[in-house]
Amino acid sequence: MRAAVYHRFGPPDVLRVVDDAPPPPDRPGAARVRVRAAALNPKDVLLRKGKLRRMPGRRLRERWPRIPGVDFAGEVVAAPPGSDLTPGQAVYGMIQGWQEGACAAQAVVPADQLAPAPAGLSLVEAAALPLAALTALQALRDLIRLRPGERVAINGASGGVGSYAVQLAAAMGAEVVAVCSGRNVERVRDLGAAEVIDYTAADPLAPAAPYDAFFDVFGNRPYADARRALRPADREGAPYVTTVPSPRALLDELRGRLPGPLAGPARLVIVRSGRADLEELSRRVAAGTLRPVIDRVLPLDRIVEGHRHLETKRARGKVVVEIG
Ligand SMILES: NC(=O)c1ccc[n+]([C@@H]2O[C@H](COP(=O)([O-])OP(=O)(O)OC[C@H]3O[C@@H](n4cnc5c(N)ncnc54)[C@H](OP(=O)(O)O)[C@@H]3O)[C@@H](O)[C@H]2O)c1
């Protein structure tokens with residue numbers, strides 16, 4: 001089958017596109033999907049570089065070549081017994097954990113890591129949602145527990161996760177303060193930001209009014225700094241969430257998991273795939289409160305270019321590759 005593969009960890013050009021990759025073997029409880037589009041994520045870059053090979057539970061021993069990619073949209077080829085999925089059905093999802101394999105003509109994905117694709121979206125648009133939008137949803141809804149009327153800052157508002165965080169937070173009734181560079185100000189306003197701070201011109205941690213919550217999507221504003229911009233308040237959820245598992249963030253996360261009043265204020269989001277949350281995204285798409293944000297669409301042949309672009313940390317929304 002046609003697939004992007006890599007035979008060793010390294011820079012973007014370790015990626016090759018081949019026509020004779022063996023299709024992935026069937027697995028119990030998994031659906032076989034004809035992948036039409038796959039979105040790229042910073043996680044793909046970390047996996048490709050080998051940065052995650054020592055993470056606990058990682059079973060990387062060493063199935064080479066590897067096929068990159070975790071976000072996909074396509075059609076069911078074969079569904080596992082007992083599943084309500086049907087051959088030909090359009091689905092989308094995110095491959096969980098340290099597994100990859102989305103950037104290929106076929107992927108075999110546990111049935112609970114995909115859902116029917118949102119009605120009204122192309123498969124390219126559907127592929128642009130899962131990992132980034134699930135991260136934003138789970139951070140805002142489950143960790144921050146954002147409430148209507150709260151003032152929330154989204155740092156890194158124009159990237160993959162940020163573009164969805166702005167939309168979701170606005171739809172949750174929050175007053176969204178988006179933090180990005182000057183060139184993206186109009187884009188994030190268009191996504192629903194009430195206020196935009198260009199971090200090249202002003203300090204987002206010295207805001208006009210304090211925040212109820214701070215979502216550090218980009219990962220360069222640790223809680224120790226962000227706390228000065230937060231309103232002291234007795235809220236149910238965490239006032240601070242980051243995406244980047246620095247040693248400090250991991251320690252904060254352990255404290256954050258303590259019960260009741262002992263719980264620390266800072267949390268680390270660790271995105272989880274799941275049908276219920278994918279269906280939640282689809283409902284929001286149908287309601288018109290969430291739309292895919294796509295920086296560029298490239299053919300699979302140009303996946304190296306896609307990885308290079310992601311590594312600039314300047315993507316505006318998602319980079320999607322079309323498998324054909
Ligand atoms: N823990 C998890 O489960 C999880 C899940 C998803 C993502 N992540 C992590 O979250 C981070 C963001 O992911 P992503 O997909 O949103 O990445 P991305 O799409 O590559 O983010 C690109 C954006 O970063 C912004 N940016 C660059 N420098 C910045 C700065 N100094 N301050 C604020 N924003 C800046 C850029 O906006 P400007 O050009 O306007 O600066 C650009 O739009 C990554 O580190 C990723 O690994 C973690």
# chains A, B, ... in the order shown; residues from 1 in each chain; ligands from 1
$ residues_near_ligand --ligand "ligand 1" --cutoff "6 Å" --atoms "only C-alpha atoms and all ligand atoms" --output "list in words"
Asn41, Pro42, Lys43, Ala132, Thr135, Asn155, Gly156, Ser158, Gly159, Gly160, Val161, Gly162, Cys180, Ser181, Asn184, Val217, Phe218, Thr243, Val244, Val269, Ile270, Val271, Leu310, Lys313, Arg314, Ala315, Arg316 and Gly317 of chain A
$ closest_atom_pairs --of "range 158-217 of chain A" --to "range 288-303 of chain A" --cutoff "7 Å" --atoms "only C-alpha atoms" --output "JSON lines"
{"residue": "A:Ser163", "atom": "CA", "partner": "A:Val293", "partner_atom": "CA", "distance": 6.7}
{"residue": "A:Gln167", "atom": "CA", "partner": "A:Leu290", "partner_atom": "CA", "distance": 6.1}
{"residue": "A:Leu168", "atom": "CA", "partner": "A:Leu290", "partner_atom": "CA", "distance": 6.8}
{"residue": "A:Ala171", "atom": "CA", "partner": "A:Thr289", "partner_atom": "CA", "distance": 6.1}
$ select_by_dssp --residues "range 15-106 of chain A" --states "helix (DSSP H, G or I)" --output "list in words"
Pro42, Lys43, Asp44, Val45, Leu46, Leu47, Arg48 and Lys49 of chain A
$ write_last_selection --atoms "C-alpha atoms" --output "short mmCIF file (atom, residue, chain, number, x, y, z; two decimals), in the first residue's frame"
data_model
loop_
_atom_site.label_atom_id
_atom_site.label_comp_id
_atom_site.auth_asym_id
_atom_site.auth_seq_id
_atom_site.Cartn_x
_atom_site.Cartn_y
_atom_site.Cartn_z
CA PRO A 42 3.83 18.36 16.87
CA LYS A 43 3.56 14.86 18.39
CA ASP A 44 4.40 13.39 14.95
CA VAL A 45 7.57 15.49 14.99
CA LEU A 46 8.53 14.31 18.49
CA LEU A 47 7.89 10.67 17.56
CA ARG A 48 9.86 11.00 14.31
CA LYS A 49 12.80 12.51 16.17
#
$ residues_around --residues "range 202-208 of chain A" --least-positions-apart "2" --cutoff "12 Å" --atoms "only C-alpha atoms" --output "PDB file with N, CA and C atoms, in the first residue's frame"
ATOM      1  N   ARG A 151     -13.209  34.813  32.207  1.00  0.00           N
ATOM      2  CA  ARG A 151     -12.227  35.400  31.292  1.00  0.00           C
ATOM      3  C   ARG A 151     -11.046  34.438  31.193  1.00  0.00           C
ATOM      4  N   VAL A 152     -10.840  33.897  29.988  1.00  0.00           N
ATOM      5  CA  VAL A 152      -9.792  32.887  29.835  1.00  0.00           C
ATOM      6  C   VAL A 152      -8.786  33.326  28.780  1.00  0.00           C
ATOM      7  N   ALA A 153      -7.507  33.180  29.108  1.00  0.00           N
ATOM      8  CA  ALA A 153      -6.456  33.477  28.129  1.00  0.00           C
ATOM      9  C   ALA A 153      -6.052  32.192  27.425  1.00  0.00           C
ATOM     10  N   ILE A 154      -5.889  32.283  26.106  1.00  0.00           N
ATOM     11  CA  ILE A 154      -5.403  31.146  25.311  1.00  0.00           C
ATOM     12  C   ILE A 154      -4.064  31.577  24.720  1.00  0.00           C
ATOM     13  N   ASN A 155      -2.969  31.023  25.235  1.00  0.00           N
ATOM     14  CA  ASN A 155      -1.634  31.390  24.756  1.00  0.00           C
ATOM     15  C   ASN A 155      -1.191  30.424  23.662  1.00  0.00           C
ATOM     16  N   GLY A 156      -0.992  30.977  22.445  1.00  0.00           N
ATOM     17  CA  GLY A 156      -0.719  30.104  21.291  1.00  0.00           C
ATOM     18  C   GLY A 156      -2.005  29.895  20.527  1.00  0.00           C
ATOM     19  N   VAL A 177      -9.444  35.778  25.694  1.00  0.00           N
ATOM     20  CA  VAL A 177      -8.311  36.639  25.386  1.00  0.00           C
ATOM     21  C   VAL A 177      -7.283  35.779  24.659  1.00  0.00           C
ATOM     22  N   ALA A 178      -7.100  36.030  23.382  1.00  0.00           N
ATOM     23  CA  ALA A 178      -6.202  35.212  22.573  1.00  0.00           C
ATOM     24  C   ALA A 178      -4.817  35.848  22.545  1.00  0.00           C
ATOM     25  N   VAL A 179      -3.789  35.021  22.709  1.00  0.00           N
ATOM     26  CA  VAL A 179      -2.415  35.515  22.672  1.00  0.00           C
ATOM     27  C   VAL A 179      -1.723  34.913  21.442  1.00  0.00           C
ATOM     28  N   CYS A 180      -1.252  35.803  20.559  1.00  0.00           N
ATOM     29  CA  CYS A 180      -0.580  35.348  19.337  1.00  0.00           C
ATOM     30  C   CYS A 180       0.307  36.481  18.841  1.00  0.00           C
ATOM     31  N   SER A 181       1.001  36.257  17.734  1.00  0.00           N
ATOM     32  CA  SER A 181       1.804  37.342  17.157  1.00  0.00           C
ATOM     33  C   SER A 181       0.909  38.229  16.297  1.00  0.00           C
ATOM     34  N   GLY A 182       1.447  39.402  15.945  1.00  0.00           N
ATOM     35  CA  GLY A 182       0.641  40.410  15.257  1.00  0.00           C
ATOM     36  C   GLY A 182      -0.017  39.925  13.972  1.00  0.00           C
ATOM     37  N   GLU A 195     -10.744  39.641  22.851  1.00  0.00           N
ATOM     38  CA  GLU A 195      -9.576  40.519  22.993  1.00  0.00           C
ATOM     39  C   GLU A 195      -8.366  39.743  22.482  1.00  0.00           C
ATOM     40  N   VAL A 196      -7.435  40.447  21.858  1.00  0.00           N
ATOM     41  CA  VAL A 196      -6.240  39.760  21.359  1.00  0.00           C
ATOM     42  C   VAL A 196      -5.015  40.498  21.878  1.00  0.00           C
ATOM     43  N   ILE A 197      -4.057  39.732  22.408  1.00  0.00           N
ATOM     44  CA  ILE A 197      -2.792  40.336  22.838  1.00  0.00           C
ATOM     45  C   ILE A 197      -1.694  39.835  21.905  1.00  0.00           C
ATOM     46  N   ASP A 198      -1.064  40.779  21.217  1.00  0.00           N
ATOM     47  CA  ASP A 198       0.094  40.461  20.383  1.00  0.00           C
ATOM     48  C   ASP A 198       1.294  40.397  21.331  1.00  0.00           C
ATOM     49  N   TYR A 199       1.805  39.181  21.545  1.00  0.00           N
ATOM     50  CA  TYR A 199       2.860  39.016  22.564  1.00  0.00           C
ATOM     51  C   TYR A 199       4.172  39.676  22.165  1.00  0.00           C
ATOM     52  N   THR A 200       4.281  40.087  20.890  1.00  0.00           N
ATOM     53  CA  THR A 200       5.502  40.790  20.487  1.00  0.00           C
ATOM     54  C   THR A 200       5.429  42.280  20.862  1.00  0.00           C
ATOM     55  N   PRO A 210      -7.466  40.793  35.253  1.00  0.00           N
ATOM     56  CA  PRO A 210      -6.930  39.439  35.473  1.00  0.00           C
ATOM     57  C   PRO A 210      -7.787  38.359  34.819  1.00  0.00           C
ATOM     58  N   TYR A 211      -7.184  37.219  34.589  1.00  0.00           N
ATOM     59  CA  TYR A 211      -7.892  36.074  33.996  1.00  0.00           C
ATOM     60  C   TYR A 211      -8.443  35.177  35.100  1.00  0.00           C
ATOM     61  N   ASP A 212      -9.551  34.515  34.779  1.00  0.00           N
ATOM     62  CA  ASP A 212     -10.021  33.434  35.649  1.00  0.00           C
ATOM     63  C   ASP A 212      -9.238  32.154  35.372  1.00  0.00           C
ATOM     64  N   ALA A 213      -8.784  32.029  34.130  1.00  0.00           N
ATOM     65  CA  ALA A 213      -8.050  30.811  33.759  1.00  0.00           C
ATOM     66  C   ALA A 213      -7.070  31.132  32.645  1.00  0.00           C
ATOM     67  N   PHE A 214      -5.987  30.346  32.599  1.00  0.00           N
ATOM     68  CA  PHE A 214      -4.939  30.539  31.599  1.00  0.00           C
ATOM     69  C   PHE A 214      -4.631  29.184  30.980  1.00  0.00           C
ATOM     70  N   PHE A 215      -4.851  29.063  29.675  1.00  0.00           N
ATOM     71  CA  PHE A 215      -4.540  27.822  28.960  1.00  0.00           C
ATOM     72  C   PHE A 215      -3.278  28.066  28.146  1.00  0.00           C
ATOM     73  N   ASP A 216      -2.184  27.495  28.632  1.00  0.00           N
ATOM     74  CA  ASP A 216      -0.889  27.701  27.974  1.00  0.00           C
ATOM     75  C   ASP A 216      -0.700  26.651  26.886  1.00  0.00           C
ATOM     76  N   ASN A 220       5.035  28.029  26.852  1.00  0.00           N
ATOM     77  CA  ASN A 220       6.196  28.827  27.287  1.00  0.00           C
ATOM     78  C   ASN A 220       5.872  29.772  28.440  1.00  0.00           C
ATOM     79  N   ARG A 221       4.693  29.576  29.074  1.00  0.00           N
ATOM     80  CA  ARG A 221       4.313  30.438  30.202  1.00  0.00           C
ATOM     81  C   ARG A 221       3.983  29.546  31.394  1.00  0.00           C
ATOM     82  N   PRO A 222       5.008  29.144  32.175  1.00  0.00           N
ATOM     83  CA  PRO A 222       4.739  28.228  33.277  1.00  0.00           C
ATOM     84  C   PRO A 222       3.833  28.861  34.341  1.00  0.00           C
ATOM     85  N   TYR A 223       3.222  28.006  35.120  1.00  0.00           N
ATOM     86  CA  TYR A 223       2.304  28.503  36.153  1.00  0.00           C
ATOM     87  C   TYR A 223       2.993  29.523  37.072  1.00  0.00           C
ATOM     88  N   ALA A 224       4.273  29.266  37.382  1.00  0.00           N
ATOM     89  CA  ALA A 224       4.989  30.175  38.289  1.00  0.00           C
ATOM     90  C   ALA A 224       4.941  31.610  37.769  1.00  0.00           C
ATOM     91  N   ASP A 225       4.909  31.802  36.441  1.00  0.00           N
ATOM     92  CA  ASP A 225       4.813  33.149  35.855  1.00  0.00           C
ATOM     93  C   ASP A 225       3.355  33.561  35.661  1.00  0.00           C
ATOM     94  N   ALA A 226       2.547  32.621  35.167  1.00  0.00           N
ATOM     95  CA  ALA A 226       1.168  32.967  34.796  1.00  0.00           C
ATOM     96  C   ALA A 226       0.318  33.314  36.014  1.00  0.00           C
ATOM     97  N   ARG A 227       0.676  32.796  37.172  1.00  0.00           N
ATOM     98  CA  ARG A 227      -0.183  32.992  38.361  1.00  0.00           C
ATOM     99  C   ARG A 227      -0.407  34.470  38.673  1.00  0.00           C
ATOM    100  N   ARG A 228       0.574  35.319  38.318  1.00  0.00           N
ATOM    101  CA  ARG A 228       0.411  36.748  38.636  1.00  0.00           C
ATOM    102  C   ARG A 228      -0.686  37.405  37.803  1.00  0.00           C
ATOM    103  N   ALA A 229      -1.078  36.752  36.709  1.00  0.00           N
ATOM    104  CA  ALA A 229      -2.138  37.317  35.859  1.00  0.00           C
ATOM    105  C   ALA A 229      -3.505  36.723  36.188  1.00  0.00           C
ATOM    106  N   LEU A 230      -3.539  35.831  37.203  1.00  0.00           N
ATOM    107  CA  LEU A 230      -4.794  35.145  37.523  1.00  0.00           C
ATOM    108  C   LEU A 230      -5.502  35.811  38.699  1.00  0.00           C
ATOM    109  N   ARG A 231      -6.828  35.862  38.591  1.00  0.00           N
ATOM    110  CA  ARG A 231      -7.659  36.383  39.666  1.00  0.00           C
ATOM    111  C   ARG A 231      -7.672  35.348  40.799  1.00  0.00           C
TER     112      ARG A 231
END
$ atom_distance --atom1 "CA of Val70 in chain A" --atom2 "CA of Leu40 in chain A"
7.7 Å
$ select_by_dssp --residues "range 175-249 of chain A" --states "strand (DSSP E)" --output "PyMOL selection string"
chain A and resi 175-180+195-198+213-216+240-242
$ closest_residue --among "A:Asp142, A:Glu175, A:Asp13, A:Glu75" --to "Leu114 in chain A" --atoms "only C-alpha atoms"
A:Glu75
$ atom_distance --atom1 "CA of Lys51 in chain A" --atom2 "CA of Pro11 in chain A"
11.6 Å
$ atom_distance --atom1 "CA of Val319 in chain A" --atom2 "CA of Leu146 in chain A"
28.0 Å
$ residues_around --residues "His7 in chain A" --least-positions-apart "3" --cutoff "8 Å" --atoms "only C-alpha atoms" --output "count of residues only"
5
